[in-house]
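Let me begin by presenting the structure, written as structure tokens, before commenting on it.
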Amino acid sequence: MKIDILAVGKIKEPYLRDAIAEYSKRLSGYVRLNIIEVKDEKTSEGASSHENDLVRSAEGVRLLKHVDDSAVLIPLCIDGKEMSSEEFSGLIASYENKGCSHLQFVIGGSLGLDDALVQKGDMKLSFSRMTFPHMLMRVILLEQLFRAYRIKCGEPYHK
């Protein structure tokens, strides 16, 4: 399985880079992982909703350039489907059983994802109704992917 994580912005904090590197290494035994970062747009404090829409749109255009139409596209959205780790593992297994060999997960910037990109997705996924920093979400997604593959392969994982 090939898994891409399409994400807005570069990770600056060393502790997040270290966690991403660690989970990427752990996942390498299960999947071919590719993390694609696109430039984020600067937003001013107190920007209008129109300005925020323009930011999401510009970031969305950059992300869409990396979308593979033959892949299953899964944008991470707060209003997406929530599931347990076991259900997430089952979702991945079901895609594999259907012959899917490429998943793309999309993480937006601080303002979220552009509607056009979300609508292009095959399903929307949520890790919680809570809001997480988009940079931290990469670590959370990688950890859950690693956990999903451990579950799928019948290997022990921390409950």
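Order determines the names: the first chain of the structure tokens is A, the second B, and so forth; residues in each chain are numbered 1 upward, and ligands are numbered 1 upward as they are shown.
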Give one line per residue of stretch 6-120 of chain A that approaches stretch 144-150 of chain A to at most 9 Å, naming the two atoms of the closest pair and their distance in Å to one decimal, counting only C-alpha atoms; sort by chain then ascending residue number and deliver it as JSON lines.
{"residue": "A:Tyr23", "atom": "CA", "partner": "A:Phe146", "partner_atom": "CA", "distance": 7.0}
{"residue": "A:Ser24", "atom": "CA", "partner": "A:Phe146", "partner_atom": "CA", "distance": 8.6}
{"residue": "A:Arg26", "atom": "CA", "partner": "A:Phe146", "partner_atom": "CA", "distance": 6.9}
{"residue": "A:Leu27", "atom": "CA", "partner": "A:Phe146", "partner_atom": "CA", "distance": 5.6}
{"residue": "A:Tyr30", "atom": "CA", "partner": "A:Tyr149", "partner_atom": "CA", "distance": 6.9}
{"residue": "A:Val31", "atom": "CA", "partner": "A:Tyr149", "partner_atom": "CA", "distance": 8.9}
{"residue": "A:Ser85", "atom": "CA", "partner": "A:Ala148", "partner_atom": "CA", "distance": 6.3}
{"residue": "A:Glu86", "atom": "CA", "partner": "A:Ala148", "partner_atom": "CA", "distance": 6.8}
{"residue": "A:Glu87", "atom": "CA", "partner": "A:Ala148", "partner_atom": "CA", "distance": 8.6}
{"residue": "A:Phe88", "atom": "CA", "partner": "A:Ala148", "partner_atom": "CA", "distance": 6.3}
{"residue": "A:Ser89", "atom": "CA", "partner": "A:Ala148", "partner_atom": "CA", "distance": 4.2}
{"residue": "A:Gly90", "atom": "CA", "partner": "A:Ala148", "partner_atom": "CA", "distance": 7.9}
{"residue": "A:Ile92", "atom": "CA", "partner": "A:Ala148", "partner_atom": "CA", "distance": 7.7}
{"residue": "A:Ala93", "atom": "CA", "partner": "A:Tyr149", "partner_atom": "CA", "distance": 8.8}
Q: Write out as a ChimeraX atom specification the residues lying within 7 Å of A:His134, counting only C-alpha atoms and excluding same-chain residues fewer than 4 positions away.
A: /A:107-110
**Q.** Residues near stretch 45-55 of chain A, cut-off 8 Å, only C-alpha atoms, skip fewer than 3 positions along chain, as a PyMOL selection string
**A.** chain A and resi 41-42+58-59+111+114
Secondary structure check, strand (DSSP E or B) residues of stretch 49-153 of chain A, as a tab-separated table (two decimals) with C-alpha atoms, in the first residue's frame:
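As written to disk, out31.tsv reads:
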chain	number	residue	atom	x	y	z
A	72	VAL	CA	-8.65	7.06	-2.50
A	73	LEU	CA	-8.73	10.65	-1.21
A	74	ILE	CA	-9.53	11.13	2.48
A	75	PRO	CA	-9.63	14.72	3.74
A	76	LEU	CA	-9.41	15.16	7.51
A	77	CYS	CA	-12.36	17.30	8.58
A	78	ILE	CA	-13.87	18.02	11.96
A	79	ASP	CA	-17.29	17.07	10.55
A	80	GLY	CA	-16.02	13.83	9.03
A	81	LYS	CA	-16.73	10.27	10.14
A	82	GLU	CA	-15.35	9.38	13.56
A	102	HIS	CA	-3.00	4.09	-2.87
A	103	LEU	CA	-4.53	6.22	-0.10
A	104	GLN	CA	-4.10	9.96	0.19
A	105	PHE	CA	-4.94	11.73	3.46
A	106	VAL	CA	-5.24	15.53	3.36
A	107	ILE	CA	-4.57	17.85	6.30
A	109	GLY	CA	-3.86	24.58	7.24
A	112	GLY	CA	-9.03	24.08	7.41
A	125	LEU	CA	-12.47	11.48	8.31
A	126	SER	CA	-12.48	13.06	11.76
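Note that the spacing between atom CA of A:Ala19 and atom CA of A:Pro156 amounts to 20.3 Å.
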**Q.** Contacts of A:Gly9 at 7 Å (only C-alpha atoms; same-chain gap of 6+ positions) as JSON, numbers by chain
**A.** {"A": [37, 38, 39, 40, 109]}
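Atom CA of A:Ser44 is positioned 29.8 Å from atom CA of A:Asp4.
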Q: Going by DSSP on the backbone, which bits of chain A are helix (DSSP H, G or I)? Write them as a PyMOL selection string, please.
A: chain A and resi 14-27+49-64+85-97+115-120+134-152
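Among the candidates A:Ala71, A:Ile36, A:Val118, A:Met135, the one nearest to A:Glu13 when counting only C-alpha atoms is A:Met135.
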Q: Have a look at atom CA of A:Val67 and atom CA of A:Ser101 and let me know their distance in Å, one decimal.
A: 14.4 Å
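Shortest atom-to-atom contact with A:Glu143 among A:Ala21, A:His66, A:Met83, A:Arg129: A:Ala21, counting only C-alpha atoms.
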